[in-house]
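input_19.cif follows (mmCIF, C-alpha atoms; chains and numbers go by the auth columns):
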data_final
loop_
_atom_site.group_PDB
_atom_site.id
_atom_site.type_symbol
_atom_site.label_atom_id
_atom_site.label_comp_id
_atom_site.label_asym_id
_atom_site.label_seq_id
_atom_site.Cartn_x
_atom_site.Cartn_y
_atom_site.Cartn_z
_atom_site.B_iso_or_equiv
_atom_site.auth_seq_id
_atom_site.auth_asym_id
ATOM 1 C CA MET A 1 7.643 125.916 73.976 0.00 1 N
ATOM 2 C CA THR A 2 8.847 126.032 77.596 0.00 2 N
ATOM 3 C CA GLU A 3 10.514 122.642 77.162 0.00 3 N
ATOM 4 C CA ASP A 4 12.303 123.857 73.997 0.00 4 N
ATOM 5 C CA LEU A 5 13.609 126.910 75.838 0.00 5 N
ATOM 6 C CA HIS A 6 14.811 124.678 78.652 0.00 6 N
ATOM 7 C CA ILE A 7 16.697 122.478 76.165 0.00 7 N
ATOM 8 C CA VAL A 8 18.287 125.529 74.521 0.00 8 N
ATOM 9 C CA SER A 9 19.258 126.935 77.920 0.00 9 N
ATOM 10 C CA SER A 10 20.838 123.624 78.964 0.00 10 N
ATOM 11 C CA PHE A 11 22.709 123.432 75.663 0.00 11 N
ATOM 12 C CA ASP A 12 24.055 126.948 76.118 0.00 12 N
ATOM 13 C CA ARG A 13 25.235 126.077 79.617 0.00 13 N
ATOM 14 C CA ASP A 14 26.995 122.992 78.253 0.00 14 N
ATOM 15 C CA LEU A 15 28.816 125.107 75.658 0.00 15 N
ATOM 16 C CA GLU A 16 29.744 127.741 78.229 0.00 16 N
ATOM 17 C CA GLY A 17 31.139 125.047 80.514 0.00 17 N
ATOM 18 C CA ILE A 18 33.299 123.571 77.757 0.00 18 N
ATOM 19 C CA GLN A 19 34.609 126.990 76.756 0.00 19 N
ATOM 20 C CA ALA A 20 35.423 127.774 80.396 0.00 20 N
ATOM 21 C CA HIS A 21 37.534 124.602 80.491 0.00 21 N
ATOM 22 C CA ILE A 22 39.321 125.729 77.322 0.00 22 N
ATOM 23 C CA MET A 23 40.231 129.066 78.882 0.00 23 N
ATOM 24 C CA LYS A 24 41.442 127.374 82.076 0.00 24 N
ATOM 25 C CA MET A 25 43.536 124.977 80.019 0.00 25 N
ATOM 26 C CA GLY A 26 44.931 127.868 77.987 0.00 26 N
ATOM 27 C CA GLY A 27 45.937 129.686 81.176 0.00 27 N
ATOM 28 C CA LEU A 28 47.782 126.615 82.462 0.00 28 N
ATOM 29 C CA VAL A 29 49.601 126.228 79.143 0.00 29 N
ATOM 30 C CA GLU A 30 50.641 129.895 79.123 0.00 30 N
ATOM 31 C CA GLU A 31 51.986 129.460 82.652 0.00 31 N
ATOM 32 C CA ALA A 32 53.882 126.329 81.596 0.00 32 N
ATOM 33 C CA ILE A 33 55.576 128.167 78.724 0.00 33 N
ATOM 34 C CA LEU A 34 56.621 131.081 80.927 0.00 34 N
ATOM 35 C CA ASP A 35 57.830 128.889 83.809 0.00 35 N
ATOM 36 C CA ALA A 36 59.760 126.567 81.501 0.00 36 N
ATOM 37 C CA SER A 37 61.551 129.518 79.891 0.00 37 N
ATOM 38 C CA GLN A 38 62.275 131.114 83.272 0.00 38 N
ATOM 39 C CA ALA A 39 63.654 127.814 84.529 0.00 39 N
ATOM 40 C CA LEU A 40 65.947 127.766 81.501 0.00 40 N
ATOM 41 C CA ILE A 41 67.138 131.356 81.943 0.00 41 N
ATOM 42 C CA LYS A 42 67.727 131.001 85.686 0.00 42 N
ATOM 43 C CA ARG A 43 69.020 127.397 85.526 0.00 43 N
ATOM 44 C CA ASP A 44 66.305 126.503 88.019 0.00 44 N
ATOM 45 C CA GLU A 45 65.940 122.736 88.266 0.00 45 N
ATOM 46 C CA GLU A 46 63.197 122.946 90.892 0.00 46 N
ATOM 47 C CA LEU A 47 60.980 125.099 88.665 0.00 47 N
ATOM 48 C CA SER A 48 61.604 122.679 85.796 0.00 48 N
ATOM 49 C CA GLY A 49 60.276 119.900 88.004 0.00 49 N
ATOM 50 C CA LYS A 50 57.114 121.859 88.767 0.00 50 N
ATOM 51 C CA VAL A 51 56.436 122.412 85.060 0.00 51 N
ATOM 52 C CA ARG A 52 56.709 118.684 84.446 0.00 52 N
ATOM 53 C CA GLU A 53 54.417 117.840 87.351 0.00 53 N
ATOM 54 C CA ARG A 54 51.734 120.330 86.322 0.00 54 N
ATOM 55 C CA ASP A 55 51.481 118.857 82.823 0.00 55 N
ATOM 56 C CA ALA A 56 49.139 116.199 84.229 0.00 56 N
ATOM 57 C CA ALA A 57 46.529 118.898 84.944 0.00 57 N
ATOM 58 C CA ILE A 58 46.674 120.034 81.307 0.00 58 N
ATOM 59 C CA ASP A 59 46.231 116.469 80.073 0.00 59 N
ATOM 60 C CA ALA A 60 43.288 115.956 82.441 0.00 60 N
ATOM 61 C CA LEU A 61 41.546 119.067 81.107 0.00 61 N
ATOM 62 C CA GLU A 62 41.918 117.898 77.522 0.00 62 N
ATOM 63 C CA GLU A 63 40.318 114.584 78.447 0.00 63 N
ATOM 64 C CA LEU A 64 37.507 116.379 80.272 0.00 64 N
ATOM 65 C CA ILE A 65 36.837 118.700 77.314 0.00 65 N
ATOM 66 C CA ASN A 66 36.763 115.792 74.867 0.00 66 N
ATOM 67 C CA ASP A 67 34.387 113.829 77.102 0.00 67 N
ATOM 68 C CA GLU A 68 32.016 116.776 77.537 0.00 68 N
ATOM 69 C CA ALA A 69 32.126 117.623 73.831 0.00 69 N
ATOM 70 C CA ALA A 70 31.286 114.020 72.926 0.00 70 N
ATOM 71 C CA ARG A 71 28.415 114.055 75.417 0.00 71 N
ATOM 72 C CA VAL A 72 26.999 117.274 73.963 0.00 72 N
ATOM 73 C CA ILE A 73 27.184 115.897 70.420 0.00 73 N
ATOM 74 C CA ALA A 74 25.462 112.677 71.496 0.00 74 N
ATOM 75 C CA LEU A 75 22.691 114.274 73.577 0.00 75 N
ATOM 76 C CA ARG A 76 22.048 117.603 71.846 0.00 76 N
ATOM 77 C CA SER A 77 22.596 116.758 68.159 0.00 77 N
ATOM 78 C CA PRO A 78 24.001 120.236 67.429 0.00 78 N
ATOM 79 C CA THR A 79 23.848 121.602 63.898 0.00 79 N
ATOM 80 C CA ALA A 80 25.615 124.294 61.873 0.00 80 N
ATOM 81 C CA ILE A 81 27.511 126.859 63.984 0.00 81 N
ATOM 82 C CA ASP A 82 27.072 124.938 67.239 0.00 82 N
ATOM 83 C CA LEU A 83 28.607 121.780 65.797 0.00 83 N
ATOM 84 C CA ARG A 84 31.407 123.862 64.300 0.00 84 N
ATOM 85 C CA LEU A 85 32.051 125.332 67.739 0.00 85 N
ATOM 86 C CA ILE A 86 32.279 121.931 69.381 0.00 86 N
ATOM 87 C CA LEU A 87 34.600 120.540 66.702 0.00 87 N
ATOM 88 C CA SER A 88 36.803 123.631 66.997 0.00 88 N
ATOM 89 C CA VAL A 89 36.957 123.250 70.765 0.00 89 N
ATOM 90 C CA ILE A 90 38.132 119.647 70.416 0.00 90 N
ATOM 91 C CA LYS A 91 40.906 120.675 68.025 0.00 91 N
ATOM 92 C CA ILE A 92 41.925 123.681 70.132 0.00 92 N
ATOM 93 C CA SER A 93 42.208 121.528 73.254 0.00 93 N
ATOM 94 C CA GLY A 94 44.370 119.068 71.312 0.00 94 N
ATOM 95 C CA ASN A 95 46.710 121.859 70.235 0.00 95 N
ATOM 96 C CA LEU A 96 46.890 123.195 73.786 0.00 96 N
ATOM 97 C CA GLU A 97 47.785 119.735 75.059 0.00 97 N
ATOM 98 C CA ARG A 98 50.626 119.491 72.535 0.00 98 N
ATOM 99 C CA ILE A 99 51.959 122.907 73.505 0.00 99 N
ATOM 100 C CA GLY A 100 51.891 121.740 77.120 0.00 100 N
ATOM 101 C CA ASP A 101 53.913 118.674 76.128 0.00 101 N
ATOM 102 C CA TYR A 102 56.508 120.871 74.451 0.00 102 N
ATOM 103 C CA ALA A 103 56.739 123.081 77.547 0.00 103 N
ATOM 104 C CA LYS A 104 57.206 119.961 79.661 0.00 104 N
ATOM 105 C CA ASN A 105 60.016 118.825 77.398 0.00 105 N
ATOM 106 C CA LEU A 106 61.705 122.221 77.641 0.00 106 N
ATOM 107 C CA ALA A 107 61.730 121.621 81.376 0.00 107 N
ATOM 108 C CA LYS A 108 63.134 118.107 80.894 0.00 108 N
ATOM 109 C CA ARG A 109 65.974 119.427 78.734 0.00 109 N
ATOM 110 C CA ASN A 110 66.715 122.166 81.255 0.00 110 N
ATOM 111 C CA ALA A 111 67.043 119.601 84.027 0.00 111 N
ATOM 112 C CA VAL A 112 69.963 118.179 82.033 0.00 112 N
ATOM 113 C CA LEU A 113 71.425 121.532 80.978 0.00 113 N
ATOM 114 C CA VAL A 114 71.741 122.866 84.539 0.00 114 N
ATOM 115 C CA HIS A 115 74.541 120.354 85.064 0.00 115 N
ATOM 116 C CA MET A 116 76.488 121.544 82.003 0.00 116 N
ATOM 117 C CA SER A 117 78.541 124.644 81.330 0.00 117 N
ATOM 118 C CA PRO A 118 76.268 127.440 80.026 0.00 118 N
ATOM 119 C CA VAL A 119 76.411 128.533 76.391 0.00 119 N
ATOM 120 C CA GLU A 120 76.703 132.308 76.437 0.00 120 N
ATOM 121 C CA GLY A 121 73.600 134.256 75.405 0.00 121 N
ATOM 122 C CA SER A 122 71.577 131.308 74.211 0.00 122 N
ATOM 123 C CA ARG A 123 69.257 130.987 77.202 0.00 123 N
ATOM 124 C CA ARG A 124 67.970 134.535 77.057 0.00 124 N
ATOM 125 C CA ALA A 125 67.459 134.302 73.305 0.00 125 N
ATOM 126 C CA LEU A 126 65.404 131.161 73.837 0.00 126 N
ATOM 127 C CA GLY A 127 63.520 132.938 76.623 0.00 127 N
ATOM 128 C CA ARG A 128 62.577 135.770 74.264 0.00 128 N
ATOM 129 C CA MET A 129 61.368 133.260 71.698 0.00 129 N
ATOM 130 C CA ALA A 130 59.231 131.453 74.291 0.00 130 N
ATOM 131 C CA LYS A 131 57.801 134.749 75.517 0.00 131 N
ATOM 132 C CA GLU A 132 56.707 135.649 71.999 0.00 132 N
ATOM 133 C CA VAL A 133 54.995 132.264 71.646 0.00 133 N
ATOM 134 C CA GLN A 134 53.215 132.825 74.974 0.00 134 N
ATOM 135 C CA LEU A 135 51.978 136.238 73.791 0.00 135 N
ATOM 136 C CA MET A 136 50.775 134.666 70.539 0.00 136 N
ATOM 137 C CA LEU A 137 48.863 132.070 72.548 0.00 137 N
ATOM 138 C CA LYS A 138 47.299 134.753 74.742 0.00 138 N
ATOM 139 C CA ASP A 139 46.144 136.605 71.629 0.00 139 N
ATOM 140 C CA ALA A 140 44.872 133.390 70.020 0.00 140 N
ATOM 141 C CA LEU A 141 42.715 132.674 73.070 0.00 141 N
ATOM 142 C CA ASP A 142 41.481 136.276 73.058 0.00 142 N
ATOM 143 C CA ALA A 143 40.652 135.921 69.361 0.00 143 N
ATOM 144 C CA TYR A 144 38.692 132.772 70.173 0.00 144 N
ATOM 145 C CA ILE A 145 36.648 134.420 72.924 0.00 145 N
ATOM 146 C CA GLN A 146 36.025 137.562 70.855 0.00 146 N
ATOM 147 C CA ARG A 147 35.567 135.667 67.554 0.00 147 N
ATOM 148 C CA ASP A 148 38.142 138.088 66.137 0.00 148 N
ATOM 149 C CA VAL A 149 39.201 136.916 62.662 0.00 149 N
ATOM 150 C CA GLU A 150 41.532 139.870 62.136 0.00 150 N
ATOM 151 C CA LEU A 151 43.507 139.108 65.304 0.00 151 N
ATOM 152 C CA ALA A 152 43.631 135.414 64.376 0.00 152 N
ATOM 153 C CA GLN A 153 45.001 136.294 60.932 0.00 153 N
ATOM 154 C CA GLU A 154 47.658 138.472 62.546 0.00 154 N
ATOM 155 C CA ILE A 155 48.818 135.495 64.608 0.00 155 N
ATOM 156 C CA LEU A 156 49.341 133.470 61.421 0.00 156 N
ATOM 157 C CA GLU A 157 51.690 136.171 60.181 0.00 157 N
ATOM 158 C CA ARG A 158 53.564 136.426 63.496 0.00 158 N
ATOM 159 C CA ASP A 159 54.500 132.766 63.258 0.00 159 N
ATOM 160 C CA ASN A 160 57.036 133.788 60.608 0.00 160 N
ATOM 161 C CA ASP A 161 58.898 135.746 63.299 0.00 161 N
ATOM 162 C CA ILE A 162 59.151 132.593 65.414 0.00 162 N
ATOM 163 C CA ASP A 163 60.550 130.689 62.432 0.00 163 N
ATOM 164 C CA GLN A 164 63.174 133.392 61.900 0.00 164 N
ATOM 165 C CA MET A 165 64.165 133.303 65.573 0.00 165 N
ATOM 166 C CA TYR A 166 64.577 129.551 65.338 0.00 166 N
ATOM 167 C CA ASN A 167 66.724 129.786 62.200 0.00 167 N
ATOM 168 C CA ALA A 168 68.980 132.401 63.789 0.00 168 N
ATOM 169 C CA LEU A 169 69.442 130.237 66.888 0.00 169 N
ATOM 170 C CA PHE A 170 70.146 127.170 64.760 0.00 170 N
ATOM 171 C CA ARG A 171 72.974 128.994 62.969 0.00 171 N
ATOM 172 C CA GLU A 172 74.288 130.262 66.299 0.00 172 N
ATOM 173 C CA PHE A 173 74.374 126.766 67.799 0.00 173 N
ATOM 174 C CA LEU A 174 76.219 125.438 64.755 0.00 174 N
ATOM 175 C CA THR A 175 78.824 128.161 65.172 0.00 175 N
ATOM 176 C CA PHE A 176 79.293 127.369 68.866 0.00 176 N
ATOM 177 C CA MET A 177 79.688 123.658 68.128 0.00 177 N
ATOM 178 C CA MET A 178 82.268 124.257 65.395 0.00 178 N
ATOM 179 C CA GLU A 179 84.263 126.647 67.580 0.00 179 N
ATOM 180 C CA ASP A 180 84.423 124.386 70.627 0.00 180 N
ATOM 181 C CA PRO A 181 83.596 120.635 70.698 0.00 181 N
ATOM 182 C CA ARG A 182 82.678 120.987 74.382 0.00 182 N
ATOM 183 C CA HIS A 183 79.616 122.919 73.257 0.00 183 N
ATOM 184 C CA ILE A 184 78.268 120.079 71.110 0.00 184 N
ATOM 185 C CA THR A 185 76.203 118.317 73.785 0.00 185 N
ATOM 186 C CA PRO A 186 74.648 121.419 75.405 0.00 186 N
ATOM 187 C CA CYS A 187 73.985 122.956 71.984 0.00 187 N
ATOM 188 C CA MET A 188 72.171 119.822 70.877 0.00 188 N
ATOM 189 C CA HIS A 189 69.888 120.141 73.905 0.00 189 N
ATOM 190 C CA LEU A 190 69.442 123.848 73.222 0.00 190 N
ATOM 191 C CA HIS A 191 68.583 123.111 69.609 0.00 191 N
ATOM 192 C CA PHE A 192 65.839 120.723 70.677 0.00 192 N
ATOM 193 C CA ILE A 193 64.490 123.437 72.972 0.00 193 N
ATOM 194 C CA ALA A 194 64.513 125.946 70.099 0.00 194 N
ATOM 195 C CA LYS A 195 62.784 123.506 67.761 0.00 195 N
ATOM 196 C CA ASN A 196 60.182 122.594 70.386 0.00 196 N
ATOM 197 C CA THR A 197 59.479 126.293 70.913 0.00 197 N
ATOM 198 C CA GLU A 198 59.083 126.765 67.165 0.00 198 N
ATOM 199 C CA ARG A 199 56.639 123.845 67.143 0.00 199 N
ATOM 200 C CA MET A 200 54.657 125.542 69.935 0.00 200 N
ATOM 201 C CA GLY A 201 54.255 128.463 67.573 0.00 201 N
ATOM 202 C CA ASP A 202 52.887 126.126 64.905 0.00 202 N
ATOM 203 C CA HIS A 203 50.262 124.809 67.324 0.00 203 N
ATOM 204 C CA VAL A 204 49.304 128.353 68.357 0.00 204 N
ATOM 205 C CA THR A 205 48.882 129.081 64.662 0.00 205 N
ATOM 206 C CA ALA A 206 46.617 126.036 64.380 0.00 206 N
ATOM 207 C CA ILE A 207 44.452 127.489 67.173 0.00 207 N
ATOM 208 C CA ALA A 208 44.217 130.787 65.282 0.00 208 N
ATOM 209 C CA GLU A 209 43.180 128.843 62.174 0.00 209 N
ATOM 210 C CA GLN A 210 40.393 127.197 64.161 0.00 210 N
ATOM 211 C CA VAL A 211 39.148 130.642 65.187 0.00 211 N
ATOM 212 C CA ILE A 212 38.957 131.632 61.526 0.00 212 N
ATOM 213 C CA TYR A 213 37.165 128.376 60.709 0.00 213 N
ATOM 214 C CA LEU A 214 34.731 128.875 63.585 0.00 214 N
ATOM 215 C CA VAL A 215 33.735 132.363 62.427 0.00 215 N
ATOM 216 C CA THR A 216 33.853 131.933 58.640 0.00 216 N
ATOM 217 C CA GLY A 217 33.251 128.211 58.138 0.00 217 N
ATOM 218 C CA GLU A 218 36.439 127.967 56.048 0.00 218 N
ATOM 219 C CA MET A 219 40.031 127.130 56.913 0.00 219 N
ATOM 220 C CA PRO A 220 42.588 129.732 55.788 0.00 220 N
ATOM 221 C CA GLU A 221 44.922 128.782 52.987 0.00 221 N
ATOM 222 C CA ASP A 222 48.376 127.844 54.269 0.00 222 N
ATOM 223 C CA THR A 223 50.599 130.249 52.368 0.00 223 N
ATOM 224 C CA ARG A 224 53.251 130.521 55.067 0.00 224 N
ATOM 225 C CA PRO A 225 56.597 129.068 53.947 0.00 225 N
ATOM 226 C CA LYS A 226 58.286 126.937 56.610 0.00 226 N
ATOM 227 C CA THR A 227 61.991 127.692 56.574 0.00 227 N
ATOM 228 C CA GLY A 228 63.361 125.568 59.402 0.00 228 N
ATOM 229 C CA PHE A 229 66.743 123.953 58.822 0.00 229 N
ATOM 230 C CA LEU A 230 66.175 120.731 60.713 0.00 230 N
ATOM 231 C CA GLU A 231 63.119 118.906 61.939 0.00 231 N
ATOM 232 C CA ALA A 232 63.150 117.746 65.560 0.00 232 N
ATOM 233 C CA ASP A 233 59.969 116.781 67.357 0.00 233 N
ATOM 234 C CA ASP A 234 60.586 116.162 71.037 0.00 234 N
ATOM 235 C CA ALA A 235 57.108 116.163 72.532 0.00 235 N
ATOM 236 C CA SER A 236 57.091 112.547 73.655 0.00 236 N
ATOM 237 C CA ASP A 237 55.491 111.728 76.988 0.00 237 N
ATOM 238 C CA ASP A 238 58.287 109.600 78.381 0.00 238 N
#

Rewrite the structure of this file - the entire thing - as structure tokens.
Amino acid sequence: MTEDLHIVSSFDRDLEGIQAHIMKMGGLVEEAILDASQALIKRDEELSGKVRERDAAIDALEELINDEAARVIALRSPTAIDLRLILSVIKISGNLERIGDYAKNLAKRNAVLVHMSPVEGSRRALGRMAKEVQLMLKDALDAYIQRDVELAQEILERDNDIDQMYNALFREFLTFMMEDPRHITPCMHLHFIAKNTERMGDHVTAIAEQVIYLVTGEMPEDTRPKTGFLEADDASDD
């Protein structure tokens, strides 16, 4: 009996350690989103560089979480809710890593844009969009810690707002490019930033879906129409 309690206690500590890594990773990703958007608004090349450098810490945490989760599965043979928790953690860490990649690529694009003439109003609009994604991520992590299905469901609905922001920016960039050919190159970079930010929202939504799965054992039905005009995935690691 004492040995069984010891095993349970060790297992609980393992799970707590993994979840602590998830929260640390989430905090770093939130910071990356905010810093990347501030670098864009302020045309701050130095801050962009810091965002890119710090992405390595996010990647390292994902690797650590995956290693520890695999170890727990191998040694503890978890069943039912515990296994569901570990599988959810693996998927959440993967989504966080992708969001971090998108934030890094925002910073990469900004490092180019600072040397071009600014496109009026676009940077602050993109900053507002990134801020909303960051707030969604904060709430998704809170929903995970609190096992709050209602909050997670709300995040799924808020993703529609991100899609609408993206569509409005896309139309705006097209207008700028048609009015002045000199805007074509910067607007293309800005469009990639907008699309990457929209994709961050999709990954936050995926985290919220994992919260729902963790609590209920079922994935929510995807009834959200995606209304983006143009696909552009720019989360490469180069």

Report as a Markdown table: every residue of stretch 77-172 of chain N with an atom at most 8 Å from stretch 49-68 of chain N, its closest pair of atoms, and their distance in Å to one decimal, counting all atoms listed in the file, with rows sorted by chain and ascending residue number.
| residue | atom | partner | partner_atom | distance |
| --- | --- | --- | --- | --- |
| N:Val89 | CA | N:Ile65 | CA | 8.0 |
| N:Ile90 | CA | N:Asn66 | CA | 6.0 |
| N:Ser93 | CA | N:Glu62 | CA | 5.6 |
| N:Gly94 | CA | N:Glu62 | CA | 6.8 |
| N:Glu97 | CA | N:Asp59 | CA | 6.2 |
| N:Gly100 | CA | N:Asp55 | CA | 6.4 |
| N:Asp101 | CA | N:Asp55 | CA | 7.1 |
| N:Ala103 | CA | N:Val51 | CA | 7.5 |
| N:Lys104 | CA | N:Arg52 | CA | 5.0 |
| N:Asn105 | CA | N:Arg52 | CA | 7.8 |
| N:Ala107 | CA | N:Val51 | CA | 6.5 |
| N:Lys108 | CA | N:Arg52 | CA | 7.4 |
| N:Ala111 | CA | N:Gly49 | CA | 7.9 |

Selected residues written out with C-alpha atoms, as a CSV table (one decimal), keeping the file's coordinate frame:
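Wrote again_11.csv, looks like this:
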chain,number,residue,atom,x,y,z
N,89,VAL,CA,37.0,123.2,70.8
N,90,ILE,CA,38.1,119.6,70.4
N,93,SER,CA,42.2,121.5,73.3
N,94,GLY,CA,44.4,119.1,71.3
N,97,GLU,CA,47.8,119.7,75.1
N,100,GLY,CA,51.9,121.7,77.1
N,101,ASP,CA,53.9,118.7,76.1
N,103,ALA,CA,56.7,123.1,77.5
N,104,LYS,CA,57.2,120.0,79.7
N,105,ASN,CA,60.0,118.8,77.4
N,107,ALA,CA,61.7,121.6,81.4
N,108,LYS,CA,63.1,118.1,80.9
N,111,ALA,CA,67.0,119.6,84.0

Proximity of stretch 165-192 of chain N to stretch 126-139 of chain N: per-residue shortest pair, 10 Å limit, only C-alpha atoms, as a tab-separated table:
residue	atom	partner	partner_atom	distance
N:Met165	CA	N:Met129	CA	6.7
N:Tyr166	CA	N:Met129	CA	8.0
N:Leu169	CA	N:Leu126	CA	8.1
N:Leu190	CA	N:Leu126	CA	8.4
N:His191	CA	N:Leu126	CA	9.6

Any chance you could resolve the PyMOL selection byres ((chain N and resi 88) around 10) against this file and give the residues as a PyMOL selection string?
-> chain N and resi 82-87+89-94+144+207+209-214

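Taking all atoms listed in the file into account, N:Ala74 lies nearest to N:Phe11 out of the set N:Thr197, N:Ile41, N:Phe11, N:Asn95.
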
Counting all atoms listed in the file, which of N:Ile81, N:Val112, N:Ala69, N:Leu96 gets nearest to N:Met25?
-> N:Leu96

Mind giving me the straight-line distance from atom CA of N:Ala36 to atom CA of N:Tyr102 in Å, one decimal?
-> 9.6 Å

Do you know which residues the PyMOL selection byres ((chain N and resi 220) around 10) returns on this file, as a ChimeraX atom specification?
-> /N:153,156,208-210,212-213,216-219,221-223

Between atom CA of N:Ser9 and atom CA of N:Leu75, distance in Å (one decimal) = 13.8 Å

Expanded to explicit residues, what is the PyMOL selection byres ((chain N and resi 168) around 12) for this file, as number ranges by chain?
-> N: 122, 125-126, 129, 161-167, 169-175, 191, 194-195, 198, 227-229

Create the file for the chosen residues now, containing C-alpha atoms and written as a short mmCIF file (atom, residue, chain, number, x, y, z; two decimals), in the coordinates of the input.
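The result, written out as selection_4.cif:
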data_model
loop_
_atom_site.label_atom_id
_atom_site.label_comp_id
_atom_site.auth_asym_id
_atom_site.auth_seq_id
_atom_site.Cartn_x
_atom_site.Cartn_y
_atom_site.Cartn_z
CA SER N 122 71.58 131.31 74.21
CA ALA N 125 67.46 134.30 73.31
CA LEU N 126 65.40 131.16 73.84
CA MET N 129 61.37 133.26 71.70
CA ASP N 161 58.90 135.75 63.30
CA ILE N 162 59.15 132.59 65.41
CA ASP N 163 60.55 130.69 62.43
CA GLN N 164 63.17 133.39 61.90
CA MET N 165 64.17 133.30 65.57
CA TYR N 166 64.58 129.55 65.34
CA ASN N 167 66.72 129.79 62.20
CA LEU N 169 69.44 130.24 66.89
CA PHE N 170 70.15 127.17 64.76
CA ARG N 171 72.97 128.99 62.97
CA GLU N 172 74.29 130.26 66.30
CA PHE N 173 74.37 126.77 67.80
CA LEU N 174 76.22 125.44 64.76
CA THR N 175 78.82 128.16 65.17
CA HIS N 191 68.58 123.11 69.61
CA ALA N 194 64.51 125.95 70.10
CA LYS N 195 62.78 123.51 67.76
CA GLU N 198 59.08 126.76 67.17
CA THR N 227 61.99 127.69 56.57
CA GLY N 228 63.36 125.57 59.40
CA PHE N 229 66.74 123.95 58.82
#

Take atom CA of N:Arg158 and atom CA of N:Ala39 and report the distance between them in Å, one decimal.
->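 According to the coordinates, atom CA of N:Arg158 and atom CA of N:Ala39 are separated by 24.9 Å.
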
Smallest atom-to-atom distance to N:Ile99: which of N:Thr79, N:Leu34, N:His183, N:Val149, using all atoms listed in the file?
->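 Among the listed residues, N:Leu34 lies closest to N:Ile99.
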
Which of N:Thr205, N:Ser77, N:Gln19, N:Thr185 sits closest to N:Asp159 [using only C-alpha atoms] |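 Using only C-alpha atoms, N:Asp159 sits closest to N:Thr205.
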
Which polymer residues have any atom within 9 Å of an atom of N:Phe176, counting only C-alpha atoms, with same-chain residues fewer than 6 positions away left out, as a ChimeraX atom specification?
-> /N:119,183-184,187

Nearest to N:His203 among N:Arg98, N:Pro181, N:Glu46, N:Leu40, with distances taken over all atoms listed in the file: which residue is it?
->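 Closest candidate: N:Arg98.
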
Pick from N:Ala206, N:Met200, N:Leu141, N:Met177: nearest to N:Gly26, with all atoms listed in the file counted?
->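 Closest to N:Gly26 of all the choices is N:Leu141.
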
Can I get stretch 128-138 of chain N with N, CA, C and O atoms filled in, as a PDB file, in the frame of the given file?
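Ended up saving to out-v7.pdb:
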ATOM      1  N   ARG N 128      63.318 134.781  75.059  1.00  0.00           N
ATOM      2  CA  ARG N 128      62.577 135.770  74.264  1.00  0.00           C
ATOM      3  C   ARG N 128      61.667 135.080  73.255  1.00  0.00           C
ATOM      4  O   ARG N 128      60.534 135.506  73.027  1.00  0.00           O
ATOM      5  N   MET N 129      62.161 134.015  72.664  1.00  0.00           N
ATOM      6  CA  MET N 129      61.368 133.260  71.698  1.00  0.00           C
ATOM      7  C   MET N 129      60.144 132.649  72.377  1.00  0.00           C
ATOM      8  O   MET N 129      59.018 132.721  71.861  1.00  0.00           O
ATOM      9  N   ALA N 130      60.346 132.051  73.550  1.00  0.00           N
ATOM     10  CA  ALA N 130      59.231 131.453  74.291  1.00  0.00           C
ATOM     11  C   ALA N 130      58.227 132.506  74.719  1.00  0.00           C
ATOM     12  O   ALA N 130      57.005 132.273  74.690  1.00  0.00           O
ATOM     13  N   LYS N 131      58.699 133.677  75.117  1.00  0.00           N
ATOM     14  CA  LYS N 131      57.801 134.749  75.517  1.00  0.00           C
ATOM     15  C   LYS N 131      56.918 135.186  74.355  1.00  0.00           C
ATOM     16  O   LYS N 131      55.706 135.430  74.530  1.00  0.00           O
ATOM     17  N   GLU N 132      57.494 135.259  73.169  1.00  0.00           N
ATOM     18  CA  GLU N 132      56.707 135.649  71.999  1.00  0.00           C
ATOM     19  C   GLU N 132      55.636 134.600  71.697  1.00  0.00           C
ATOM     20  O   GLU N 132      54.505 134.939  71.348  1.00  0.00           O
ATOM     21  N   VAL N 133      55.986 133.321  71.856  1.00  0.00           N
ATOM     22  CA  VAL N 133      54.995 132.264  71.646  1.00  0.00           C
ATOM     23  C   VAL N 133      53.866 132.385  72.670  1.00  0.00           C
ATOM     24  O   VAL N 133      52.682 132.238  72.341  1.00  0.00           O
ATOM     25  N   GLN N 134      54.227 132.663  73.921  1.00  0.00           N
ATOM     26  CA  GLN N 134      53.215 132.825  74.974  1.00  0.00           C
ATOM     27  C   GLN N 134      52.271 133.978  74.648  1.00  0.00           C
ATOM     28  O   GLN N 134      51.052 133.877  74.839  1.00  0.00           O
ATOM     29  N   LEU N 135      52.818 135.089  74.153  1.00  0.00           N
ATOM     30  CA  LEU N 135      51.978 136.238  73.791  1.00  0.00           C
ATOM     31  C   LEU N 135      51.073 135.899  72.601  1.00  0.00           C
ATOM     32  O   LEU N 135      49.915 136.327  72.549  1.00  0.00           O
ATOM     33  N   MET N 136      51.604 135.124  71.661  1.00  0.00           N
ATOM     34  CA  MET N 136      50.775 134.666  70.539  1.00  0.00           C
ATOM     35  C   MET N 136      49.622 133.813  71.043  1.00  0.00           C
ATOM     36  O   MET N 136      48.480 133.943  70.577  1.00  0.00           O
ATOM     37  N   LEU N 137      49.915 132.932  72.002  1.00  0.00           N
ATOM     38  CA  LEU N 137      48.863 132.070  72.548  1.00  0.00           C
ATOM     39  C   LEU N 137      47.807 132.897  73.275  1.00  0.00           C
ATOM     40  O   LEU N 137      46.599 132.652  73.118  1.00  0.00           O
ATOM     41  N   LYS N 138      48.246 133.872  74.048  1.00  0.00           N
ATOM     42  CA  LYS N 138      47.299 134.753  74.742  1.00  0.00           C
ATOM     43  C   LYS N 138      46.371 135.430  73.725  1.00  0.00           C
ATOM     44  O   LYS N 138      45.148 135.484  73.922  1.00  0.00           O
TER      45      LYS N 138
END
